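Containing compact mmCIF, C-alpha atoms and all ligand atoms: run_25.txt.
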# COMPACT_ATOMS: atom_id res chain seq x y z
CA LEU R 238 0.00 0.00 0.00
CA ASN R 239 1.03 3.57 -0.65
CA GLU R 240 2.62 4.56 2.63
CA ASP R 241 5.42 6.68 1.17
CA ILE R 242 3.67 9.28 -0.88
CA ASN R 243 5.26 12.68 -1.30
CA PRO R 244 2.37 14.93 -2.35
CA LEU R 245 4.72 17.50 -3.90
CA LYS R 246 5.95 14.96 -6.41
CA MET R 247 2.46 13.98 -7.54
CA GLU R 248 1.04 14.90 -10.87
CA LYS R 249 -1.51 17.70 -11.06
CA TRP R 250 -5.18 16.99 -11.72
CA ARG R 251 -7.94 19.49 -12.48
CA LEU R 252 -11.69 19.25 -12.72
CA ASN R 253 -11.36 19.52 -16.52
CA ASP R 254 -9.51 16.19 -16.45
CA ILE R 255 -12.62 14.37 -15.27
CA GLY R 256 -13.53 12.90 -18.69
CA SER R 257 -16.90 11.42 -19.63
CA GLN R 258 -18.53 9.32 -16.92
CA SER R 259 -21.37 8.32 -19.20
CA GLY R 260 -22.54 4.73 -18.64
CA LYS R 261 -21.35 4.70 -15.02
CA SER R 262 -23.64 4.10 -12.05
CA VAL R 263 -22.71 6.05 -8.94
CA VAL R 264 -24.05 5.99 -5.37
CA ILE R 265 -23.24 8.93 -3.09
CA THR R 266 -24.32 8.84 0.54
CA GLY R 267 -25.34 12.17 2.07
CA ALA R 268 -25.74 13.68 -1.40
CA ASN R 269 -28.23 16.39 -0.39
CA SER R 270 -25.66 18.64 1.28
CA GLY R 271 -22.04 19.81 1.26
CA LEU R 272 -19.43 17.62 -0.42
CA GLY R 273 -21.92 14.90 -1.39
CA TYR R 274 -24.17 17.41 -3.12
CA GLU R 275 -21.24 18.96 -5.02
CA SER R 276 -20.00 15.51 -6.03
CA ALA R 277 -23.47 14.58 -7.33
CA LYS R 278 -23.51 17.79 -9.36
CA ILE R 279 -20.05 17.23 -10.87
CA LEU R 280 -20.45 13.51 -11.64
CA SER R 281 -23.93 13.92 -13.15
CA ARG R 282 -22.62 16.79 -15.29
CA ALA R 283 -19.95 14.38 -16.54
CA GLY R 284 -22.72 11.99 -17.67
CA ALA R 285 -22.94 9.48 -14.79
CA LYS R 286 -26.21 8.19 -13.39
CA VAL R 287 -26.11 9.28 -9.75
CA VAL R 288 -28.17 7.73 -6.96
CA MET R 289 -28.39 10.31 -4.20
CA ALA R 290 -28.69 8.28 -0.97
CA CYS R 291 -30.28 10.61 1.58
CA ARG R 292 -31.84 10.13 4.99
CA SER R 293 -34.47 12.76 4.18
CA LEU R 294 -36.31 12.25 0.88
CA SER R 295 -37.59 15.84 0.92
CA LYS R 296 -34.07 17.26 1.37
CA GLY R 297 -32.87 14.90 -1.35
CA GLU R 298 -35.62 16.02 -3.73
CA LYS R 299 -34.78 19.67 -3.07
CA ALA R 300 -31.09 19.01 -3.82
CA ARG R 301 -32.01 17.14 -7.01
CA GLU R 302 -34.21 20.04 -8.17
CA SER R 303 -31.36 22.43 -7.54
CA ILE R 304 -28.93 20.38 -9.67
CA LEU R 305 -31.54 20.02 -12.43
CA GLN R 306 -31.88 23.80 -12.61
CA HIS R 307 -28.23 23.98 -13.72
CA ASN R 308 -28.25 20.76 -15.70
CA PRO R 309 -31.76 19.71 -16.82
CA GLY R 310 -30.44 16.50 -18.40
CA ALA R 311 -28.80 15.19 -15.20
CA ASP R 312 -29.63 11.54 -14.45
CA LEU R 313 -30.36 11.70 -10.71
CA VAL R 314 -32.34 9.29 -8.54
CA ILE R 315 -33.19 9.90 -4.89
CA MET R 316 -33.22 6.88 -2.59
CA GLU R 317 -33.78 6.77 1.15
CA LEU R 318 -30.86 5.69 3.33
CA ASP R 319 -30.40 6.25 7.04
CA LEU R 320 -26.95 5.01 8.03
CA THR R 321 -27.92 4.87 11.71
CA SER R 322 -30.37 2.04 10.95
CA LEU R 323 -29.25 -1.39 9.74
CA GLN R 324 -32.81 -2.00 8.53
CA SER R 325 -32.70 1.14 6.39
CA ILE R 326 -29.31 0.11 4.96
CA ARG R 327 -30.67 -3.34 4.08
CA ASN R 328 -33.75 -1.78 2.46
CA PHE R 329 -31.59 0.59 0.43
CA ALA R 330 -29.22 -2.14 -0.77
CA GLY R 331 -32.15 -4.43 -1.62
CA HIS R 332 -33.92 -1.76 -3.68
CA TYR R 333 -30.68 -0.72 -5.38
CA LYS R 334 -29.94 -4.30 -6.44
CA GLU R 335 -33.52 -4.78 -7.70
CA GLN R 336 -33.17 -1.71 -9.92
CA ASN R 337 -29.47 -1.82 -10.95
CA GLN R 338 -27.12 -4.51 -12.23
CA LYS R 339 -23.94 -2.49 -11.66
CA LEU R 340 -22.27 -0.03 -9.30
CA HIS R 341 -19.11 1.60 -10.66
CA ILE R 342 -18.50 4.25 -7.98
CA LEU R 343 -19.65 4.11 -4.36
CA ILE R 344 -18.79 7.30 -2.44
CA ASN R 345 -19.22 6.67 1.29
CA ASN R 346 -19.45 10.36 2.10
CA ALA R 347 -22.25 10.99 4.63
CA GLY R 348 -21.04 11.99 8.05
CA ILE R 349 -21.73 13.75 11.32
CA MET R 350 -19.19 15.46 13.55
CA MET R 351 -18.99 16.05 17.31
CA THR R 352 -22.58 15.11 18.01
CA PRO R 353 -23.63 14.41 21.63
CA PHE R 354 -23.64 10.85 22.99
CA HIS R 355 -26.56 8.91 21.54
CA LEU R 356 -27.14 5.24 20.81
CA THR R 357 -28.80 4.25 17.53
CA GLU R 358 -31.67 1.75 17.30
CA ASP R 359 -29.00 -0.96 16.83
CA GLY R 360 -27.13 0.13 19.97
CA PHE R 361 -24.19 1.85 18.20
CA GLU R 362 -22.77 5.27 19.09
CA GLN R 363 -24.20 7.58 16.43
CA GLN R 364 -20.97 9.00 14.94
CA MET R 365 -19.38 5.56 14.67
CA ALA R 366 -22.67 4.22 13.25
CA THR R 367 -23.01 6.90 10.58
CA ASN R 368 -19.38 7.42 9.65
CA HIS R 369 -18.05 3.87 9.80
CA LEU R 370 -20.40 0.98 10.66
CA GLY R 371 -23.22 2.08 8.35
CA HIS R 372 -20.87 2.49 5.41
CA PHE R 373 -19.17 -0.83 6.19
CA ALA R 374 -22.56 -2.59 6.09
CA LEU R 375 -23.62 -0.74 2.95
CA THR R 376 -20.44 -1.72 1.11
CA ALA R 377 -20.80 -5.37 2.14
CA LEU R 378 -24.43 -5.46 1.00
CA LEU R 379 -23.59 -3.84 -2.35
CA MET R 380 -20.57 -6.07 -3.02
CA GLU R 381 -22.59 -8.25 -5.42
CA VAL R 382 -23.11 -5.34 -7.86
CA ILE R 383 -19.62 -3.89 -7.23
CA LYS R 384 -18.08 -7.24 -8.27
CA LYS R 385 -20.09 -7.17 -11.52
CA SER R 386 -18.75 -3.71 -12.45
CA SER R 387 -15.31 -3.90 -13.96
CA GLY R 388 -12.92 -1.33 -12.43
CA ALA R 389 -15.40 -0.30 -9.71
CA ARG R 390 -14.26 2.09 -6.97
CA VAL R 391 -15.27 2.41 -3.33
CA VAL R 392 -14.27 5.78 -1.89
CA GLN R 393 -14.30 6.52 1.85
CA VAL R 394 -14.37 10.15 2.97
CA SER R 395 -11.97 10.58 5.87
CA SER R 396 -10.53 13.68 7.56
CA MET R 397 -7.26 15.15 8.80
CA ALA R 398 -8.78 14.54 12.24
CA HIS R 399 -7.83 10.84 11.84
CA LYS R 400 -4.27 11.86 12.75
CA VAL R 401 -5.19 12.48 16.38
CA ALA R 402 -7.32 9.33 16.72
CA LYS R 403 -6.82 6.79 19.49
CA LEU R 404 -9.11 4.01 18.40
CA SER R 405 -10.12 1.30 20.83
CA LEU R 406 -12.39 -1.47 19.61
CA ASP R 407 -14.07 -1.58 23.03
CA GLU R 408 -15.55 1.83 22.45
CA ILE R 409 -17.18 0.57 19.21
CA HIS R 410 -18.32 -2.66 20.83
CA SER R 411 -19.61 -1.15 24.09
CA PRO R 412 -19.86 2.65 23.91
CA GLN R 413 -20.01 4.28 27.35
CA PRO R 414 -21.34 7.81 28.00
CA GLU R 415 -18.85 8.32 30.90
CA SER R 416 -15.78 7.98 28.69
CA PHE R 417 -17.32 9.58 25.58
CA SER R 418 -15.61 12.54 23.89
CA PRO R 419 -17.41 13.99 20.82
CA PHE R 420 -14.21 15.02 19.03
CA ARG R 421 -12.19 11.90 19.85
CA THR R 422 -15.03 9.69 18.63
CA TYR R 423 -15.24 11.67 15.39
CA ALA R 424 -11.46 11.33 14.89
CA ASN R 425 -11.68 7.60 15.65
CA SER R 426 -14.49 7.13 13.11
CA LYS R 427 -12.33 8.86 10.48
CA LEU R 428 -9.38 6.59 11.28
CA ALA R 429 -11.81 3.68 10.95
CA ASN R 430 -12.63 4.96 7.41
CA LEU R 431 -8.96 4.63 6.44
CA LEU R 432 -8.40 1.28 8.16
CA PHE R 433 -11.46 0.01 6.27
CA THR R 434 -10.19 1.44 2.95
CA PHE R 435 -6.85 -0.33 3.18
CA GLU R 436 -8.36 -3.62 4.41
CA LEU R 437 -10.93 -3.47 1.60
CA GLN R 438 -8.12 -3.01 -0.92
CA ARG R 439 -6.37 -6.08 0.53
CA TYR R 440 -9.69 -7.96 0.27
CA PHE R 441 -10.06 -6.98 -3.42
CA GLU R 442 -6.49 -8.09 -4.13
CA LYS R 443 -6.79 -11.36 -2.21
CA HIS R 444 -10.02 -12.31 -3.99
CA LYS R 445 -8.84 -10.99 -7.38
CA ILE R 446 -11.83 -8.65 -7.60
CA ASP R 447 -11.50 -6.02 -10.32
CA ALA R 448 -12.21 -3.07 -8.00
CA MET R 449 -10.30 -0.49 -6.01
CA ALA R 450 -10.71 0.96 -2.52
CA LEU R 451 -9.59 4.57 -2.18
CA ALA R 452 -10.00 7.41 0.29
CA ALA R 453 -10.16 11.19 0.21
CA HIS R 454 -10.42 14.11 2.60
CA PRO R 455 -11.55 17.64 1.76
CA GLY R 456 -9.20 19.58 4.03
CA PHE R 457 -11.65 21.98 5.50
CA ALA R 458 -14.79 23.28 3.76
CA PHE R 459 -17.71 25.25 5.13
CA THR R 460 -20.64 22.84 5.11
CA ASN R 461 -23.37 21.80 7.53
CA ILE R 462 -20.89 19.44 9.23
CA ILE R 463 -19.92 22.29 11.58
CA ARG R 464 -23.40 22.59 13.06
CA TYR R 465 -22.38 20.99 16.39
CA LEU R 466 -19.25 23.12 16.80
CA GLY R 467 -21.10 25.72 18.87
CA SER R 468 -24.37 27.62 19.26
CA PRO R 469 -26.17 28.55 15.99
CA SER R 470 -25.07 32.18 16.40
CA SER R 471 -21.38 31.31 16.96
CA VAL R 472 -21.44 28.96 13.94
CA LYS R 473 -23.01 31.77 11.88
CA PHE R 474 -20.30 34.18 13.08
CA LEU R 475 -17.55 31.67 12.25
CA LYS R 476 -18.96 31.26 8.74
CA SER R 477 -19.14 34.99 7.99
CA ALA R 478 -15.79 35.86 9.62
CA PHE R 479 -13.79 33.15 7.84
CA ALA R 480 -15.67 32.87 4.52
CA TRP R 481 -12.69 34.46 2.72
CA LEU R 482 -10.29 31.82 4.08
CA ILE R 483 -12.22 28.57 4.08
CA PRO R 484 -12.60 26.66 0.80
CA THR R 485 -16.07 26.17 -0.65
CA ALA R 486 -17.87 22.82 -0.61
CA GLN R 487 -17.09 22.45 -4.31
CA GLN R 488 -13.36 22.87 -3.70
CA GLY R 489 -13.61 20.43 -0.80
CA ALA R 490 -15.27 17.86 -3.08
CA LEU R 491 -12.38 17.75 -5.57
CA PRO R 492 -10.29 15.10 -3.73
CA LEU R 493 -13.43 12.88 -3.62
CA ILE R 494 -13.92 13.36 -7.34
CA ARG R 495 -10.28 12.65 -8.12
CA ALA R 496 -10.40 9.44 -6.07
CA SER R 497 -13.57 8.45 -7.95
CA VAL R 498 -12.42 9.08 -11.53
CA ASP R 499 -8.68 9.74 -11.98
CA GLU R 500 -7.55 7.09 -14.45
CA ASN R 501 -4.06 7.07 -12.93
CA ALA R 502 -5.33 6.38 -9.42
CA ARG R 503 -4.39 3.10 -7.77
CA GLY R 504 -6.01 1.02 -5.09
CA ALA R 505 -5.39 2.43 -1.56
CA ASP R 506 -4.64 5.93 -2.88
CA TYR R 507 -5.64 8.71 -0.48
CA PHE R 508 -6.35 12.15 -1.94
CA GLY R 509 -6.49 15.52 -0.17
CA PRO R 510 -5.68 19.20 -0.74
CA SER R 511 -2.05 20.07 -1.56
CA ASN R 512 -1.38 23.18 0.57
CA TRP R 513 -1.35 24.46 4.14
CA GLY R 514 -0.78 21.02 5.58
CA GLY R 515 -3.74 19.59 3.66
CA PHE R 516 -6.13 22.35 4.68
CA ARG R 517 -6.76 23.68 1.15
CA GLY R 518 -5.38 23.49 -2.39
CA LYS R 519 -5.44 21.22 -5.41
CA PRO R 520 -6.39 17.54 -4.96
CA VAL R 521 -3.21 15.44 -4.74
CA ARG R 522 -2.22 12.05 -3.39
CA THR R 523 -1.54 12.46 0.28
CA LYS R 524 -0.32 10.39 3.19
CA ALA R 525 -2.42 8.84 5.92
CA SER R 526 -0.98 8.56 9.44
CA SER R 527 0.96 5.40 10.28
CA LYS R 528 -1.98 4.24 12.46
CA ALA R 529 -4.07 3.80 9.30
CA PHE R 530 -1.62 1.13 8.09
CA ASP R 531 -1.96 -1.04 11.20
CA GLU R 532 -2.99 -4.30 9.52
CA VAL R 533 -3.78 -6.10 12.76
CA LEU R 534 -6.12 -3.34 13.93
CA ALA R 535 -7.68 -3.13 10.44
CA ARG R 536 -8.43 -6.86 10.47
CA GLN R 537 -9.87 -6.70 14.01
CA LEU R 538 -12.03 -3.70 13.06
CA TRP R 539 -13.29 -5.55 9.97
CA GLU R 540 -14.22 -8.64 12.00
CA LEU R 541 -15.91 -6.56 14.71
CA SER R 542 -17.82 -4.55 12.09
CA GLU R 543 -19.04 -7.77 10.45
CA LYS R 544 -20.15 -9.12 13.81
CA LEU R 545 -21.93 -5.96 14.93
CA THR R 546 -23.68 -5.25 11.61
CA ARG R 547 -24.21 -8.91 10.70
CA CYS R 548 -23.16 -7.92 7.17
CA TYR R 549 -20.45 -10.24 5.84
CA PHE R 550 -18.19 -9.87 2.81
CA ASP R 551 -17.64 -13.56 2.15
N1 LIG R 601 -16.55 19.87 5.63
C1 LIG R 601 -15.35 19.59 6.10
O1 LIG R 601 -14.55 20.49 6.38
C2 LIG R 601 -14.92 18.18 6.31
C3 LIG R 601 -13.62 17.93 6.76
C4 LIG R 601 -13.21 16.63 6.90
C5 LIG R 601 -14.04 15.59 6.57
N2 LIG R 601 -15.30 15.84 6.15
C6 LIG R 601 -16.16 14.70 5.84
O2 LIG R 601 -16.89 14.95 4.66
C7 LIG R 601 -18.10 14.19 4.66
C8 LIG R 601 -19.24 15.04 4.16
O3 LIG R 601 -19.48 16.06 5.10
P1 LIG R 601 -19.92 17.54 4.68
O4 LIG R 601 -18.82 18.43 5.10
O5 LIG R 601 -20.39 17.57 3.28
O6 LIG R 601 -21.13 17.76 5.72
P2 LIG R 601 -22.69 18.02 5.51
O7 LIG R 601 -22.91 19.19 4.61
O8 LIG R 601 -23.24 18.10 6.89
O9 LIG R 601 -23.19 16.73 4.77
C9 LIG R 601 -23.28 15.51 5.45
C10 LIG R 601 -24.31 14.64 4.76
O10 LIG R 601 -24.42 13.42 5.49
C11 LIG R 601 -25.80 13.16 5.69
N3 LIG R 601 -26.05 12.31 6.84
C12 LIG R 601 -25.84 12.57 8.15
N4 LIG R 601 -26.28 11.55 8.91
C13 LIG R 601 -26.78 10.61 8.06
C14 LIG R 601 -27.38 9.35 8.23
N5 LIG R 601 -27.61 8.83 9.43
N6 LIG R 601 -27.76 8.67 7.14
C15 LIG R 601 -27.58 9.18 5.91
N7 LIG R 601 -27.03 10.37 5.68
C16 LIG R 601 -26.65 11.08 6.75
C17 LIG R 601 -26.40 14.54 5.88
O11 LIG R 601 -27.81 14.49 5.76
P3 LIG R 601 -28.74 15.66 6.42
O12 LIG R 601 -28.63 16.83 5.51
O13 LIG R 601 -30.09 15.04 6.44
O14 LIG R 601 -28.18 15.95 7.77
C18 LIG R 601 -25.72 15.27 4.75
O15 LIG R 601 -26.33 14.98 3.53
C19 LIG R 601 -18.23 13.64 6.08
O16 LIG R 601 -17.90 12.27 6.09
C20 LIG R 601 -17.23 14.44 6.88
O17 LIG R 601 -16.72 13.72 7.98
C21 LIG R 601 -15.76 17.11 6.01

Take the structure in this file and express it as structure tokens.
Ligand SMILES: NC(=O)c1ccc[n+]([C@@H]2O[C@H](COP(=O)([O-])OP(=O)(O)OC[C@H]3O[C@@H](n4cnc5c(N)ncnc54)[C@H](OP(=O)(O)O)[C@@H]3O)[C@@H](O)[C@H]2O)c1
Amino acid sequence: LNEDINPLKMEKWRLNDIGSQSGKSVVITGANSGLGYESAKILSRAGAKVVMACRSLSKGEKARESILQHNPGADLVIMELDLTSLQSIRNFAGHYKEQNQKLHILINNAGIMMTPFHLTEDGFEQQMATNHLGHFALTALLMEVIKKSSGARVVQVSSMAHKVAKLSLDEIHSPQPESFSPFRTYANSKLANLLFTFELQRYFEKHKIDAMALAAHPGFAFTNIIRYLGSPSSVKFLKSAFAWLIPTAQQGALPLIRASVDENARGADYFGPSNWGGFRGKPVRTKASSKAFDEVLARQLWELSEKLTRCYFD
């Protein structure tokens, strides 16, 4: 795997390099807002059929209408998916497979950050459920159509926050309110995204599946993800005071797009912005922290995720 990437030596890539995506089927989770919305806009403009997997059908429909205003020919389908519910994930995967033979690009993008302690209907902590376990289950359930799609890609959306993670499997298995920290749990879920990416790539290679697992992070972009950072008025202040500095959601989406379509990308590549320590800039190959390459932890996380979600790859 690509542990020794020097981003400065990597070739440049621009949105114009995207090429036609016509004939490709794409699923983007959390496509009604932020990076997911921008990715749906860009990939549908390039000709792909995009399934916008949203927990709110009305928000999804509104987002679809907005994209259609710019691009009336866009092939966009809204489907309901709540990543905090294993039943909803099963329903989504079942309906997708009834309606589609193939899945060329799965962007596991939806996420929440620094939310208060809350257990989902399946007993999972909500950030870990949304950001990691839900996407793990979704990928396992869609593997049948991924395998049928030559050169398919599964893209996890991680974060620079993964670098400060201290992931313990106990906290996924038995989350406790006493030891809960909203930021640490978010960081841990983002490390889990990378551990899953690299283990999934090893799985593809071991089973000779013609597919790639990749990851991306946006640096920092002003989206609704910051809603739990403070009171509504302080978040509003933050947005207006730093609007000149913080990249837009579209700029933040570029590493996701590059991971999804760059023809020179390889399995286990991780893309992020080039400048300011990965905060903003052009999408380039970047380096995950050494923790993300812990193969023992990755394997244990995979096995625990299978057990908890009861969604198995083999
Ligand atoms: N923005 C950044 O600076 C930044 C930095 C690092 C990493 N990221 C990562 O980028 C990804 C996208 O975030 P964003 O910045 O675009 O935030 P966003 O604007 O808040 O979008 C998040 C999306 O996820 C959806 N979502 C949340 N919970 C869900 C659930 N249970 N089931 C299905 N969908 C759910 C949201 O739906 P609703 O609209 O219904 O809430 C929304 O569509 C996340 O994985 C985040 O961790 C973002």

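We find atom CA of R:Ala424 and atom CA of R:Lys400 to be spaced 7.5 Å apart.
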
Find the spatial neighbours of stretch 348-356 of chain R, counting all atoms listed in the file, within a cut-off of 9 Å - ignore same-chain residues fewer than 5 positions away - and output them as a PDB file with C-alpha atoms, keeping the file's coordinate frame.
ATOM      1  CA  THR R 266     -24.320   8.840   0.540  1.00  0.00           C
ATOM      2  CA  GLY R 267     -25.340  12.170   2.070  1.00  0.00           C
ATOM      3  CA  PHE R 361     -24.190   1.850  18.200  1.00  0.00           C
ATOM      4  CA  GLU R 362     -22.770   5.270  19.090  1.00  0.00           C
ATOM      5  CA  GLN R 363     -24.200   7.580  16.430  1.00  0.00           C
ATOM      6  CA  GLN R 364     -20.970   9.000  14.940  1.00  0.00           C
ATOM      7  CA  ALA R 366     -22.670   4.220  13.250  1.00  0.00           C
ATOM      8  CA  THR R 367     -23.010   6.900  10.580  1.00  0.00           C
ATOM      9  CA  ASN R 368     -19.380   7.420   9.650  1.00  0.00           C
ATOM     10  CA  HIS R 369     -18.050   3.870   9.800  1.00  0.00           C
ATOM     11  CA  VAL R 394     -14.370  10.150   2.970  1.00  0.00           C
ATOM     12  CA  PRO R 412     -19.860   2.650  23.910  1.00  0.00           C
ATOM     13  CA  GLN R 413     -20.010   4.280  27.350  1.00  0.00           C
ATOM     14  CA  PRO R 414     -21.340   7.810  28.000  1.00  0.00           C
ATOM     15  CA  PHE R 417     -17.320   9.580  25.580  1.00  0.00           C
ATOM     16  CA  SER R 418     -15.610  12.540  23.890  1.00  0.00           C
ATOM     17  CA  PRO R 419     -17.410  13.990  20.820  1.00  0.00           C
ATOM     18  CA  PHE R 420     -14.210  15.020  19.030  1.00  0.00           C
ATOM     19  CA  ARG R 421     -12.190  11.900  19.850  1.00  0.00           C
ATOM     20  CA  THR R 422     -15.030   9.690  18.630  1.00  0.00           C
ATOM     21  CA  TYR R 423     -15.240  11.670  15.390  1.00  0.00           C
ATOM     22  CA  ALA R 424     -11.460  11.330  14.890  1.00  0.00           C
ATOM     23  CA  ILE R 462     -20.890  19.440   9.230  1.00  0.00           C
ATOM     24  CA  ILE R 463     -19.920  22.290  11.580  1.00  0.00           C
ATOM     25  CA  ARG R 464     -23.400  22.590  13.060  1.00  0.00           C
ATOM     26  CA  TYR R 465     -22.380  20.990  16.390  1.00  0.00           C
ATOM     27  CA  LEU R 466     -19.250  23.120  16.800  1.00  0.00           C
TER      28      LEU R 466
END

Between atom CA of R:Lys473 and atom CA of R:Ser395, distance in Å (one decimal):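 Between these atoms lies a distance of 24.6 Å.
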
So which residues touch stretch 531-548 of chain R within 8 Å, counting only C-alpha atoms, skipping near sequence neighbours fewer than 6 positions away, as a ChimeraX atom specification? /R:323,370,373-374,377-378,406,410,429,432-433,435-436

Interatomic distance, atom CA of R:Ser293 to atom CA of R:His307 (Å, one decimal):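 Atom CA of R:His307 lies 22.0 Å from atom CA of R:Ser293.
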
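Shortest separation to R:Glu408 among R:Leu272, R:Ala450, R:Met365, R:Ala389 occurs at residue R:Met365, atoms counted being only C-alpha atoms.
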
Nearest to ligand LIG 601 (chain R): which of R:Ser416, R:Ser276, R:Gln338, R:Asn501 is it, counting only C-alpha atoms and all ligand atoms?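 Going through R:Ser416, R:Ser276, R:Gln338, R:Asn501 one by one, the smallest distance to ligand LIG 601 (chain R) is for R:Ser276.
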
Would you pick out the contacts of stretch 513-529 of chain R at 6 Å or less, using only C-alpha atoms, so that residues sharing its chain but fewer than 4 positions from it are not included, and give the list as a PyMOL selection string? chain R and resi 242+244+400+431-432+456-457+492+507-509

Shortest interatomic distance to R:Ala285 - which of R:Gln438, R:Ser262, R:Asn346, R:Ser468, counting all atoms listed in the file: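 For R:Ala285, the nearest of the candidates is R:Ser262.
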
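Distances to ligand LIG 601 (chain R) were evaluated for R:Asn308, R:Ser303, R:Asn512, R:Ser295 using all atoms listed in the file, and the minimum falls at R:Ser295.
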
All file atoms of stretch 354-372 of chain R boxed axis-aligned, 8 Å per side, centre plus edges, as JSON:
{"center_x": -24.9, "center_y": 4.9, "center_z": 14.2, "size_x": 29.6, "size_y": 27.8, "size_z": 33.6}

Measuring atom to atom with all atoms listed in the file, identify which of R:Val401, R:Ala453, R:Leu340, R:Ile409 is nearest to ligand LIG 601 (chain R). R:Ala453

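If only C-alpha atoms and all ligand atoms are the atoms counted, then among R:Ala458, R:Ile265, R:Ile304, R:Ile383 the closest residue to ligand LIG 601 (chain R) is R:Ala458.
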